[in-house]
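Chemist: Dropping in target_15.cif, which is mmCIF, C-alpha atoms and all ligand atoms:
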```
data_run
#
loop_
_atom_site.label_atom_id
_atom_site.label_comp_id
_atom_site.auth_asym_id
_atom_site.auth_seq_id
_atom_site.Cartn_x
_atom_site.Cartn_y
_atom_site.Cartn_z
CA MET X 1 46.61 -111.58 216.65
CA SER X 2 45.41 -110.48 213.24
CA SER X 3 44.66 -106.84 212.59
CA HIS X 4 41.82 -107.85 210.26
CA ALA X 5 38.21 -107.17 211.24
CA ALA X 6 37.43 -109.87 213.79
CA PRO X 7 34.50 -112.10 212.87
CA THR X 8 33.71 -112.57 216.53
CA GLY X 9 33.37 -109.90 219.17
CA PHE X 10 35.94 -109.63 221.95
CA GLN X 11 33.35 -110.77 224.49
CA GLN X 12 32.86 -114.07 222.65
CA GLN X 13 36.45 -115.19 223.01
CA GLY X 14 36.78 -118.04 225.47
CA GLN X 15 33.13 -119.07 225.22
CA ARG X 16 32.56 -122.83 225.01
CA LEU X 17 30.80 -124.20 221.93
CA CYS X 18 30.66 -127.94 222.50
CA HIS X 19 32.77 -131.03 223.20
CA ARG X 20 34.83 -132.32 220.31
CA ASP X 21 32.96 -135.66 220.47
CA ASP X 22 29.63 -133.87 219.90
CA VAL X 23 30.36 -133.64 216.17
CA ALA X 24 31.12 -136.85 214.26
CA GLU X 25 32.96 -137.11 210.94
CA GLY X 26 30.95 -135.57 208.10
CA GLU X 27 28.41 -134.06 210.50
CA ALA X 28 27.42 -130.48 211.25
CA ARG X 29 25.69 -129.09 214.33
CA GLY X 30 24.66 -125.67 215.52
CA PHE X 31 25.68 -124.28 218.94
CA GLY X 32 24.92 -121.05 220.74
CA PRO X 33 24.18 -118.33 219.82
CA LEU X 34 27.18 -116.98 221.72
CA GLU X 35 26.68 -114.13 224.13
CA GLY X 36 26.55 -110.88 222.21
CA SER X 37 25.56 -112.51 218.91
CA LYS X 38 22.22 -113.34 217.27
CA ARG X 39 23.54 -116.20 215.18
CA LYS X 40 24.52 -119.73 216.10
CA VAL X 41 27.90 -121.22 215.30
CA ILE X 42 28.03 -124.26 213.02
CA VAL X 43 30.66 -126.82 213.97
CA VAL X 44 31.51 -129.35 211.27
CA ARG X 45 34.04 -132.19 211.13
CA ARG X 46 35.72 -132.85 207.80
CA ASN X 47 38.61 -135.30 207.33
CA GLY X 48 38.99 -135.41 211.10
CA ALA X 49 39.40 -131.65 211.57
CA LEU X 50 36.82 -129.40 213.23
CA HIS X 51 35.81 -126.15 211.53
CA ALA X 52 33.43 -123.53 212.88
CA TRP X 53 31.36 -121.11 210.82
CA LEU X 54 28.93 -118.37 211.72
CA ASP X 55 25.38 -119.54 210.90
CA ALA X 56 24.88 -116.57 208.58
CA CYS X 57 24.45 -116.96 204.84
CA PRO X 58 26.32 -114.19 202.98
CA HIS X 59 23.56 -113.87 200.32
CA TYR X 60 22.04 -110.95 202.26
CA SER X 61 24.23 -108.44 204.09
CA THR X 62 22.63 -109.14 207.48
CA GLY X 63 23.46 -112.84 207.19
CA THR X 64 20.51 -115.24 207.62
CA PRO X 65 20.24 -118.62 209.37
CA MET X 66 20.97 -121.56 207.08
CA ALA X 67 19.41 -124.75 208.49
CA TRP X 68 15.95 -125.99 207.51
CA LYS X 69 15.57 -127.59 210.91
CA THR X 70 17.65 -127.71 214.09
CA ASP X 71 21.15 -128.95 213.12
CA ALA X 72 20.07 -129.67 209.49
CA TYR X 73 22.89 -127.75 207.78
CA LEU X 74 23.94 -130.22 205.08
CA ASN X 75 22.58 -130.91 201.60
CA GLY X 76 20.83 -134.19 200.85
CA GLU X 77 24.07 -135.87 199.76
CA ARG X 78 25.70 -134.61 203.00
CA THR X 79 28.64 -133.27 201.01
CA HIS X 80 28.27 -129.50 201.63
CA LEU X 81 27.11 -126.98 204.18
CA THR X 82 23.93 -125.60 202.68
CA CYS X 83 21.83 -122.49 203.02
CA HIS X 84 18.27 -123.77 202.95
CA SER X 85 16.92 -120.40 201.86
CA HIS X 86 18.03 -120.66 198.23
CA HIS X 87 20.19 -123.78 198.25
CA ALA X 88 23.65 -122.22 198.22
CA LEU X 89 26.34 -124.89 198.75
CA PHE X 90 29.50 -124.20 200.78
CA GLU X 91 32.61 -126.32 201.24
CA MET X 92 32.77 -127.64 204.80
CA ASP X 93 36.48 -126.94 205.28
CA THR X 94 36.97 -123.65 203.37
CA GLY X 95 33.52 -122.04 203.71
CA GLN X 96 33.62 -121.13 199.99
CA CYS X 97 30.27 -121.03 198.17
CA ILE X 98 30.54 -123.22 195.08
CA LEU X 99 26.94 -123.11 193.82
CA GLY X 100 23.96 -120.82 194.32
CA PRO X 101 23.26 -117.15 195.05
CA CYS X 102 26.47 -116.45 197.03
CA LEU X 103 28.81 -117.88 194.40
CA GLY X 104 32.33 -116.58 195.10
CA GLN X 105 31.46 -115.49 198.63
CA SER X 106 32.35 -117.31 201.76
CA LEU X 107 31.05 -118.12 205.24
CA THR X 108 32.57 -116.29 208.21
CA ARG X 109 35.06 -118.51 210.00
CA ILE X 110 35.00 -118.65 213.80
CA GLU X 111 38.43 -119.49 215.15
CA ILE X 112 38.33 -122.32 217.66
CA ALA X 113 40.65 -124.28 219.90
CA VAL X 114 40.20 -127.60 221.68
CA GLY X 115 41.06 -127.66 225.38
CA GLU X 116 42.66 -130.54 227.29
CA ALA X 117 39.31 -132.05 228.27
CA GLY X 118 38.12 -131.90 224.66
CA ASP X 119 35.98 -128.78 225.03
CA VAL X 120 35.82 -126.58 221.95
CA PHE X 121 36.28 -122.86 222.62
CA VAL X 122 36.10 -119.69 220.54
CA VAL X 123 39.51 -118.01 220.40
CA ALA X 124 40.81 -114.74 219.06
CA PRO X 125 41.14 -114.76 215.29
CA CYS X 126 44.76 -115.36 214.35
CA GLU X 127 46.57 -115.27 211.07
CA GLY X 128 46.64 -118.64 209.37
CA GLY X 129 44.21 -120.40 211.70
CA VAL X 130 45.00 -122.73 214.58
CA ALA X 131 46.67 -126.09 214.57
CA MET D 1 -7.48 -117.78 178.70
CA ASN D 2 -8.98 -118.52 182.06
CA ILE D 3 -5.94 -119.43 184.11
CA VAL D 4 -6.91 -119.96 187.76
CA GLY D 5 -3.48 -120.22 189.37
CA PRO D 6 -0.93 -122.84 190.36
CA ASP D 7 -2.35 -126.34 190.95
CA TYR D 8 0.98 -127.99 191.76
CA LEU D 9 4.68 -127.17 191.97
CA VAL D 10 6.99 -130.06 191.12
CA PHE D 11 10.43 -130.40 192.76
CA GLY D 12 13.35 -132.74 192.23
CA VAL D 13 14.93 -133.07 195.67
CA ASP D 14 18.22 -134.53 196.87
CA ASP D 15 16.79 -136.25 199.96
CA LEU D 16 13.24 -137.57 199.70
CA ALA D 17 12.93 -138.52 203.38
CA ASP D 18 13.79 -134.95 204.46
CA ALA D 19 11.29 -133.45 202.01
CA ILE D 20 8.55 -135.88 203.03
CA GLU D 21 9.10 -135.04 206.69
CA TYR D 22 9.07 -131.30 205.97
CA LEU D 23 5.95 -131.20 203.79
CA THR D 24 4.01 -133.32 206.27
CA ALA D 25 5.03 -131.09 209.18
CA TRP D 26 4.05 -128.04 207.06
CA GLY D 27 0.47 -129.32 207.18
CA LEU D 28 0.11 -130.95 203.76
CA LYS D 29 -1.52 -134.34 203.30
CA PRO D 30 0.51 -137.08 201.56
CA VAL D 31 -1.51 -138.62 198.72
CA ASP D 32 -0.14 -141.85 197.25
CA VAL D 33 3.31 -140.96 198.57
CA THR D 34 5.86 -143.80 198.33
CA ASP D 35 9.62 -143.95 198.66
CA ARG D 36 9.67 -142.45 195.15
CA GLY D 37 7.84 -139.34 196.40
CA GLY D 38 4.39 -138.17 195.38
CA LEU D 39 1.80 -135.47 195.96
CA PHE D 40 1.29 -133.41 199.12
CA GLU D 41 -2.10 -131.71 199.15
CA THR D 42 -3.63 -128.63 200.73
CA LEU D 43 -7.28 -128.73 201.70
CA ASP D 44 -8.47 -127.82 198.18
CA GLY D 45 -6.27 -130.39 196.42
CA THR D 46 -3.53 -128.04 195.16
CA GLY D 47 -0.03 -128.70 196.47
CA VAL D 48 3.52 -129.91 195.96
CA ILE D 49 4.81 -132.96 194.04
CA ILE D 50 8.26 -134.28 194.93
CA ARG D 51 10.52 -136.84 193.25
CA HIS D 52 14.18 -137.65 193.70
CA LYS D 53 16.23 -135.38 191.45
CA SER D 54 17.43 -138.41 189.47
CA ASP D 55 13.86 -139.57 188.73
CA PRO D 56 13.55 -139.88 184.93
CA SER D 57 9.86 -138.91 185.03
CA LEU D 58 10.81 -135.34 186.02
CA PRO D 59 11.17 -132.49 183.51
CA PRO D 60 14.83 -131.42 183.17
CA PRO D 61 16.38 -129.28 185.94
CA LEU D 62 17.16 -125.57 185.68
CA PRO D 63 20.86 -124.84 185.05
CA THR D 64 21.15 -123.54 188.66
CA SER D 65 21.06 -125.07 192.14
CA ASN D 66 17.27 -124.58 192.26
CA MET D 67 15.13 -127.70 192.69
CA LEU D 68 11.95 -126.47 190.95
CA ARG D 69 11.16 -128.72 187.97
CA GLN D 70 7.70 -127.65 186.82
CA GLN D 71 4.86 -125.27 187.56
CA VAL D 72 1.47 -126.84 186.91
CA TYR D 73 -1.24 -124.26 186.22
CA GLY D 74 -4.96 -124.96 186.50
CA VAL D 75 -7.33 -123.52 183.90
CA ARG D 76 -11.14 -123.46 183.89
CA SER D 77 -11.90 -125.68 180.90
CA ALA D 78 -10.54 -127.66 177.98
CA ALA D 79 -11.26 -124.68 175.73
CA ASP D 80 -8.68 -122.69 177.70
CA LEU D 81 -6.09 -125.39 177.03
CA ASP D 82 -6.85 -125.13 173.30
CA ALA D 83 -6.44 -121.35 173.45
CA ILE D 84 -3.08 -121.62 175.26
CA GLU D 85 -1.89 -124.27 172.81
CA ALA D 86 -2.86 -122.08 169.83
CA GLU D 87 -1.15 -118.99 171.27
CA LEU D 88 2.10 -120.58 172.48
CA GLY D 89 2.27 -122.95 169.51
CA LYS D 90 3.04 -119.91 167.34
CA ASP D 91 6.67 -119.78 168.43
CA ARG D 92 7.51 -122.91 170.45
CA ARG D 93 6.86 -126.58 170.88
CA VAL D 94 3.73 -127.41 172.86
CA THR D 95 3.30 -131.03 173.91
CA ARG D 96 -0.22 -132.36 174.30
CA LEU D 97 -0.39 -135.21 176.85
CA SER D 98 -2.85 -138.10 176.67
CA ASN D 99 -4.94 -136.64 179.51
CA GLY D 100 -5.41 -133.40 177.56
CA SER D 101 -2.96 -131.28 179.54
CA ILE D 102 -0.18 -129.41 177.73
CA GLU D 103 3.50 -128.90 178.49
CA VAL D 104 5.61 -125.97 177.34
CA LYS D 105 8.58 -123.81 178.42
CA ASP D 106 8.33 -120.09 179.20
CA ASP D 107 10.82 -117.58 177.76
CA HIS D 108 13.29 -118.13 180.63
CA GLY D 109 13.21 -121.91 180.30
CA PHE D 110 10.89 -122.60 183.25
CA GLU D 111 8.88 -125.77 182.59
CA LEU D 112 5.12 -125.20 182.62
CA LYS D 113 2.12 -127.47 182.42
CA PHE D 114 -1.50 -126.45 181.97
CA GLN D 115 -4.41 -128.65 182.97
CA VAL D 116 -8.10 -128.31 183.75
CA THR D 117 -7.80 -127.32 187.39
CA ILE D 118 -8.05 -130.00 190.06
CA ARG D 119 -9.02 -127.43 192.72
CA ARG D 120 -11.93 -128.55 194.88
CA GLU D 121 -14.27 -125.81 195.98
CA LEU D 122 -13.78 -125.05 199.68
CA ASP D 123 -16.63 -124.24 202.00
CA MET D 124 -15.08 -123.08 205.27
CA PRO D 125 -15.39 -119.89 207.31
CA ALA D 126 -12.62 -117.29 207.31
CA GLU D 127 -11.19 -116.17 210.62
CA LYS D 128 -13.93 -114.21 212.39
CA ILE D 129 -13.24 -111.08 214.39
CA ASN D 130 -15.25 -108.86 216.70
CA ALA D 131 -14.77 -105.10 216.76
CA PRO D 132 -16.72 -102.20 218.26
CA GLY D 133 -18.88 -100.47 215.68
CA ALA D 134 -19.27 -103.54 213.48
CA PRO D 135 -21.62 -106.49 213.85
CA ALA D 136 -19.96 -109.28 215.85
CA GLN D 137 -18.67 -112.04 213.60
CA ARG D 138 -18.57 -114.58 216.41
CA LYS D 139 -21.79 -115.42 218.16
CA PRO D 140 -22.06 -115.21 221.97
CA ASN D 141 -20.02 -118.03 223.53
CA GLU D 142 -18.14 -118.72 220.28
CA ILE D 143 -14.44 -118.61 221.19
CA GLY D 144 -11.66 -117.34 218.90
CA VAL D 145 -8.70 -119.55 219.80
CA TRP D 146 -8.05 -122.86 221.51
CA GLU D 147 -4.92 -124.97 221.91
CA GLU D 148 -5.75 -127.63 219.31
CA MET D 149 -7.40 -125.28 216.80
CA PRO D 150 -6.89 -126.37 213.19
CA ALA D 151 -4.37 -124.33 211.16
CA LEU D 152 -3.84 -126.09 207.84
CA PRO D 153 -2.88 -124.66 204.44
CA ARG D 154 -6.09 -124.24 202.45
CA THR D 155 -4.71 -123.69 198.97
CA LEU D 156 -1.52 -123.05 197.02
CA SER D 157 -1.51 -119.26 196.78
CA HIS D 158 1.45 -117.99 194.77
CA VAL D 159 4.90 -118.59 193.37
CA VAL D 160 7.82 -116.17 193.36
CA LEU D 161 10.53 -116.61 190.77
CA PHE D 162 14.07 -115.29 190.50
CA VAL D 163 14.40 -114.23 186.86
CA PRO D 164 17.23 -112.45 185.05
CA ASP D 165 14.99 -110.33 182.81
CA ILE D 166 11.78 -108.80 184.19
CA GLU D 167 10.65 -107.51 180.81
CA ILE D 168 10.88 -110.90 179.14
CA ALA D 169 9.07 -112.57 182.03
CA THR D 170 6.31 -109.94 182.23
CA ASN D 171 5.76 -109.98 178.48
CA PHE D 172 5.36 -113.71 178.39
CA TYR D 173 2.86 -113.96 181.22
CA CYS D 174 0.90 -110.77 180.42
CA SER D 175 0.93 -110.57 176.61
CA ARG D 176 0.80 -114.29 175.88
CA LEU D 177 -1.17 -115.69 178.83
CA GLY D 178 -3.36 -112.79 179.92
CA PHE D 179 -1.94 -112.13 183.40
CA VAL D 180 -2.51 -108.60 184.82
CA ILE D 181 -0.01 -106.47 186.77
CA THR D 182 -1.52 -105.46 190.11
CA ASP D 183 1.45 -103.59 191.65
CA VAL D 184 5.17 -103.09 191.01
CA LEU D 185 8.08 -103.10 193.44
CA LYS D 186 10.68 -101.17 191.45
CA GLY D 187 14.07 -102.84 191.60
CA ALA D 188 12.45 -106.24 192.16
CA GLY D 189 9.51 -106.71 189.81
CA PRO D 190 5.75 -106.87 189.26
CA PHE D 191 2.97 -108.76 191.06
CA LEU D 192 0.74 -110.63 188.62
CA ARG D 193 -2.68 -112.22 188.81
CA PRO D 194 -4.14 -114.44 186.11
CA LYS D 195 -7.50 -113.58 184.56
CA ALA D 196 -9.56 -116.19 186.41
CA ASN D 197 -8.26 -115.36 189.90
CA ASP D 198 -8.97 -112.15 191.83
CA ASP D 199 -6.14 -112.62 194.36
CA HIS D 200 -3.64 -109.73 194.38
CA HIS D 201 -0.96 -112.08 193.08
CA THR D 202 -0.34 -115.68 192.17
CA LEU D 203 3.02 -114.80 190.65
CA PHE D 204 5.79 -112.32 191.48
CA PHE D 205 9.21 -111.82 189.92
CA ILE D 206 12.47 -110.74 191.53
CA ARG D 207 15.30 -109.68 189.23
CA THR D 208 18.52 -111.60 189.91
CA PRO D 209 21.62 -112.72 188.04
CA ASP D 210 21.19 -115.67 185.71
CA TYR D 211 22.90 -118.11 188.08
CA MET D 212 20.10 -117.66 190.65
CA LYS D 213 17.22 -118.43 188.29
CA GLY D 214 14.58 -120.49 190.09
CA CYS D 215 11.87 -120.48 192.71
CA GLU D 216 12.37 -118.02 195.60
CA HIS D 217 9.28 -119.15 197.47
CA LEU D 218 5.86 -120.67 197.26
CA ALA D 219 2.99 -119.62 199.51
CA PHE D 220 -0.09 -121.19 201.00
CA HIS D 221 -3.27 -119.37 202.03
CA MET D 222 -4.32 -119.89 205.63
CA GLY D 223 -7.75 -119.11 207.14
CA GLY D 224 -6.56 -115.84 208.68
CA PRO D 225 -3.68 -114.19 210.56
CA THR D 226 -4.34 -116.21 213.72
CA GLU D 227 -4.13 -119.52 211.85
CA LEU D 228 -0.94 -118.27 210.19
CA MET D 229 0.69 -117.45 213.52
CA VAL D 230 -0.53 -120.65 215.17
CA ALA D 231 0.76 -122.80 212.29
CA GLY D 232 4.11 -120.94 212.25
CA THR D 233 4.53 -121.19 216.02
CA ARG D 234 3.86 -124.93 215.95
CA PHE D 235 6.36 -125.29 213.10
CA VAL D 236 9.11 -123.42 214.97
CA LYS D 237 8.44 -125.47 218.11
CA LYS D 238 9.12 -128.61 216.09
CA GLY D 239 12.55 -127.21 215.23
CA TYR D 240 11.98 -125.72 211.77
CA GLN D 241 13.76 -122.49 210.85
CA SER D 242 11.91 -119.18 210.50
CA PHE D 243 13.38 -116.88 207.85
CA TRP D 244 11.19 -113.74 207.84
CA GLY D 245 8.08 -112.90 209.78
CA PRO D 246 5.45 -113.02 210.97
CA GLY D 247 4.49 -109.71 209.42
CA ARG D 248 2.09 -108.12 206.98
CA HIS D 249 3.02 -107.04 203.47
CA LYS D 250 1.93 -103.69 202.06
CA PHE D 251 1.25 -104.69 198.44
CA GLY D 252 -1.40 -107.40 198.61
CA SER D 253 -1.99 -106.72 202.34
CA ASN D 254 -1.31 -110.38 203.07
CA TRP D 255 0.11 -111.55 206.34
CA PHE D 256 3.30 -113.57 205.82
CA TRP D 257 5.69 -115.92 207.56
CA TYR D 258 8.58 -117.46 205.61
CA PHE D 259 10.59 -120.57 206.51
CA ASN D 260 13.69 -122.30 205.18
CA SER D 261 13.16 -125.70 203.55
CA PRO D 262 15.02 -128.76 202.23
CA LEU D 263 13.43 -128.02 198.82
CA GLY D 264 15.93 -125.24 198.11
CA CYS D 265 13.46 -122.34 198.45
CA HIS D 266 11.31 -120.67 201.09
CA PHE D 267 7.87 -121.83 202.13
CA GLU D 268 5.39 -119.14 203.16
CA TYR D 269 2.18 -119.21 205.14
CA ASP D 270 0.05 -116.27 203.97
CA ALA D 271 -3.36 -114.96 204.92
CA ASP D 272 -5.94 -112.29 204.11
CA MET D 273 -4.71 -111.12 200.70
CA ASP D 274 -6.42 -108.27 198.80
CA LYS D 275 -8.77 -109.04 195.93
CA HIS D 276 -8.80 -107.02 192.71
CA ASP D 277 -10.79 -106.57 189.53
CA ASP D 278 -9.93 -104.98 186.20
CA SER D 279 -10.71 -101.46 187.45
CA TRP D 280 -7.64 -101.54 189.74
CA VAL D 281 -4.74 -99.26 188.80
CA ALA D 282 -1.32 -100.72 189.62
CA ARG D 283 0.77 -98.85 192.20
CA GLU D 284 4.55 -98.52 192.25
CA ALA D 285 7.01 -98.36 195.13
CA PRO D 286 10.76 -98.75 195.36
CA MET D 287 11.81 -102.15 196.70
CA GLY D 288 12.92 -101.88 200.32
CA ALA D 289 12.14 -102.72 203.93
CA GLU D 290 9.55 -99.92 204.29
CA SER D 291 7.65 -100.75 201.13
CA SER D 292 7.61 -104.49 201.63
CA GLN D 293 5.84 -104.60 204.99
CA ILE D 294 3.58 -102.57 207.26
CA VAL D 295 4.62 -104.52 210.38
CA LEU D 296 7.27 -107.15 211.14
CA PHE D 297 7.63 -109.31 214.22
CA GLU D 298 9.94 -112.06 215.35
CA MET D 299 8.85 -115.07 217.33
CA ARG D 300 10.05 -115.37 220.91
CA GLU D 301 9.62 -117.99 223.55
CA LYS D 302 6.27 -117.82 225.34
CA TRP D 303 6.44 -115.69 228.48
CA ALA D 304 4.01 -114.16 230.92
CA PRO D 305 4.30 -111.44 233.55
CA GLY D 306 3.27 -112.42 237.05
CA GLY D 307 1.88 -110.37 239.95
CA PRO D 308 4.30 -109.58 242.79
CA PRO D 309 8.07 -109.59 242.28
CA PRO D 310 9.68 -112.98 243.02
CA GLY D 311 10.12 -113.57 246.72
CA ALA D 312 7.75 -110.78 247.79
CA LYS D 313 5.94 -111.35 251.08
CA GLY D 314 2.24 -111.36 251.03
S1 LIG X 401 19.81 -116.49 201.86
FE1 LIG X 401 21.24 -118.12 201.72
S2 LIG X 401 21.18 -118.63 199.62
FE2 LIG X 401 19.81 -116.95 199.74
FE FE X 402 4.83 -114.44 199.09
#
```
Mind turning the file's structure into structure tokens?
Ligand code: FES
Ligand SMILES: [Fe+2]
Modeler:
Amino acid sequence: MSSHAAPTGFQQQGQRLCHRDDVAEGEARGFGPLEGSKRKVIVVRRNGALHAWLDACPHYSTGTPMAWKTDAYLNGERTHLTCHSHHALFEMDTGQCILGPCLGQSLTRIEIAVGEAGDVFVVAPCEGGVA
Amino acid sequence: MNIVGPDYLVFGVDDLADAIEYLTAWGLKPVDVTDRGGLFETLDGTGVIIRHKSDPSLPPPLPTSNMLRQQVYGVRSAADLDAIEAELGKDRRVTRLSNGSIEVKDDHGFELKFQVTIRRELDMPAEKINAPGAPAQRKPNEIGVWEEMPALPRTLSHVVLFVPDIEIATNFYCSRLGFVITDVLKGAGPFLRPKANDDHHTLFFIRTPDYMKGCEHLAFHMGGPTELMVAGTRFVKKGYQSFWGPGRHKFGSNWFWYFNSPLGCHFEYDADMDKHDDSWVAREAPMGAESSQIVLFEMREKWAPGGPPPGAKG
């Protein structure tokens, strides 16, 4: 386990987010919020791989919700995760902001794992991510 | 220069269907809207015009991710357009369109248009309240709220811009166009009202780095705080995302509720803003949570207490 500040609380580890089939290629959906957190978790599928991000735009230190409507996390071209406060664009697979107010900042990654039945769980943050 | 306030804000969006859905749900009325976009009106005719960002009829975009393309200001008469043209023509290009309106850029590169205002005069009651010690505003048997009560935006109220240089922005709007500073949030910027509007503000600036330049939010006047909260509650129930509020600002005294949008900026319902005249002396306060609101709430799911505890005999 990493010694870095964990983006998720201890009590959130093991909580179920969704089933892997709930999120199709190029789509993003919000789940939760997890117990002990105010923010949802965005699950996105990019080039086959699932990534999960805290629904908290880094523009303001408290982090603010990014969709304009339930599950509407992408820009019009559906190429980037988007904060619909001031139109910051984030890469789906790295969480890096590439345009807008949070330029150079990044979304908070939630480490996930997929169980045997296809359920997607939050796991402890670990160095280098999970396979 | 009798500038009344914003008639329209024009946006170049990346998904027209999303924007059309959003603006309709917000309570605006589509006027001649096609799959190329169009105008969405408030009750007095002011509103929002959307086009696809690639539409060649749009003014050029800002060099940021912001989708605002033009702010269209209404003035009282053609003489005011002549006065603006004469003043701004001193140091920049002013384009006169065939319908008499004029187009010009401000000192930060925001596209502006001035036209004889299209605002229709409204004749509707404000929210009425009853309080001990004051004459009742609602007659006997006149009820205050009901499930289907109307709660529609009455007029486009104000625009808030992210600008890199407050001094340049203030100079342009005050010295060149006759806006007046009503109050200042130090660290953010000033609230401005144009000469022909007594609202506390139709324009506010927030200082930001250059790469954020654009529209932070636009706001719509509602008939009162109840209409604001009813409209916001209906909006959240349809799945739209609250950003800040409901609450009540200190400067301007207006109630507020901000929402995210697919137009790349916030949309605000506002209500019951202060009015000012030229005898008002601008106040100053440091920007912060305390100075920006007197109260702040967050919506929660409807709930009601019952009588006895669950399962009680009786
Ligand atoms: S709050 Fe997300 S871009 Fe400003
Ligand atoms: Fe506002």
Chemist: Go through chain X residue by residue and, counting all atoms listed in the file, keep those with an atom at most 10 Å from chain D; for each kept residue give the shortest atom pair and its distance in Å to one decimal, ordered by chain and increasing number, as a Markdown table.
Modeler:
```
| residue | atom | partner | partner_atom | distance |
| --- | --- | --- | --- | --- |
| X:Thr64 | CA | D:Phe243 | CA | 7.3 |
| X:Pro65 | CA | D:Phe243 | CA | 7.2 |
| X:Met66 | CA | D:Asn260 | CA | 7.6 |
| X:Ala67 | CA | D:Gln241 | CA | 6.5 |
| X:Trp68 | CA | D:Ser261 | CA | 4.9 |
| X:Lys69 | CA | D:Tyr240 | CA | 4.1 |
| X:Thr70 | CA | D:Gly239 | CA | 5.2 |
| X:Asp71 | CA | D:Gly239 | CA | 9.0 |
| X:Ala72 | CA | D:Pro262 | CA | 8.9 |
| X:Tyr73 | CA | D:Pro262 | CA | 9.7 |
| X:Leu74 | CA | D:Pro262 | CA | 9.5 |
| X:Asn75 | CA | D:Asp14 | CA | 7.4 |
| X:Gly76 | CA | D:Asp15 | CA | 4.6 |
| X:Glu77 | CA | D:Asp14 | CA | 6.7 |
| X:Arg78 | CA | D:Asp15 | CA | 9.6 |
| X:Thr82 | CA | D:Gly264 | CA | 9.2 |
| X:Cys83 | CA | D:Gly264 | CA | 8.2 |
| X:His84 | CA | D:Asn260 | CA | 5.3 |
| X:Ser85 | CA | D:Asn260 | CA | 5.0 |
| X:His86 | CA | D:Cys265 | CA | 4.9 |
| X:His87 | CA | D:Gly264 | CA | 4.5 |
| X:Ala88 | CA | D:Ser65 | CA | 7.2 |
| X:Leu89 | CA | D:Ser65 | CA | 8.5 |
| X:Leu99 | CA | D:Ser65 | CA | 6.4 |
| X:Gly100 | CA | D:Ser65 | CA | 5.6 |
| X:Pro101 | CA | D:Met212 | CA | 5.4 |
| X:Cys102 | CA | D:Met212 | CA | 9.1 |
| X:Leu103 | CA | D:Tyr211 | CA | 8.7 |
```
Chemist: Could you work out an axis-aligned box for region 115-125 of chain X, taking every atom the file lists and adding 3 Å on each side, and report centre and edge lengths in Å to one decimal, as JSON?
Modeler:
```
{"center_x": 39.2, "center_y": -123.4, "center_z": 221.8, "size_x": 12.8, "size_y": 23.3, "size_z": 19.0}
```
Chemist: What lies within 10 Å of Gln105 (chain X) using all atoms listed in the file, ignoring chain neighbours under 3 positions off, as number ranges by chain?
Modeler: X: 57-59, 90, 95-98, 101-102, 108
Chemist: Write to file, as a compact mmCIF listing (two decimals), in the frame of the given file, the residues of the selection just made, with C-alpha atoms.
Modeler:
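This went into again-v4.txt:
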```
# COMPACT_ATOMS: atom_id res chain seq x y z
CA CYS X 57 24.45 -116.96 204.84
CA PRO X 58 26.32 -114.19 202.98
CA HIS X 59 23.56 -113.87 200.32
CA PHE X 90 29.50 -124.20 200.78
CA GLY X 95 33.52 -122.04 203.71
CA GLN X 96 33.62 -121.13 199.99
CA CYS X 97 30.27 -121.03 198.17
CA ILE X 98 30.54 -123.22 195.08
CA PRO X 101 23.26 -117.15 195.05
CA CYS X 102 26.47 -116.45 197.03
CA THR X 108 32.57 -116.29 208.21
```
Chemist: With distances taken over only C-alpha atoms and all ligand atoms, which residue among D:Lys128, D:His200, D:Arg234, D:Lys90 lies nearest ligand FE 402 (chain X)?
Modeler: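 Distance minimum relative to ligand FE 402 (chain X) lands on D:His200.
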Chemist: For Asp199 (chain D), please output as an NGL selection string all residues within 7 Å (counting all atoms listed in the file; exclusion window: fewer than 3 positions along the same chain).
Modeler: :D and (193 or 202 or 273-276)
Chemist: Kindly indicate which residue among D:Pro59, D:Gly27, D:Pro286, D:Gly109 lies nearest to Asp183 (chain D), using all atoms listed in the file for the distances.
Modeler: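 Of all the options, D:Pro286 lies closest to Asp183 (chain D).
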Chemist: Of the residues X:Gly63, X:Arg16, X:Thr79, X:Trp53, which is the one nearest to Lys38 (chain X), using all atoms listed in the file?
Modeler: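 Among the listed residues, X:Gly63 lies closest to Lys38 (chain X).
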Chemist: Got a sec: who's within 10 Å of Arg283 (chain D), counting only C-alpha atoms, leaving out chain neighbours fewer than 4 positions off, as a PyMOL selection string?
Modeler: chain D and resi 181-185+190+251
Chemist: To one decimal place in Å, what is the distance between CA of Trp280 (chain D) and CA of Phe191 (chain D)?
Modeler: 12.9 Å
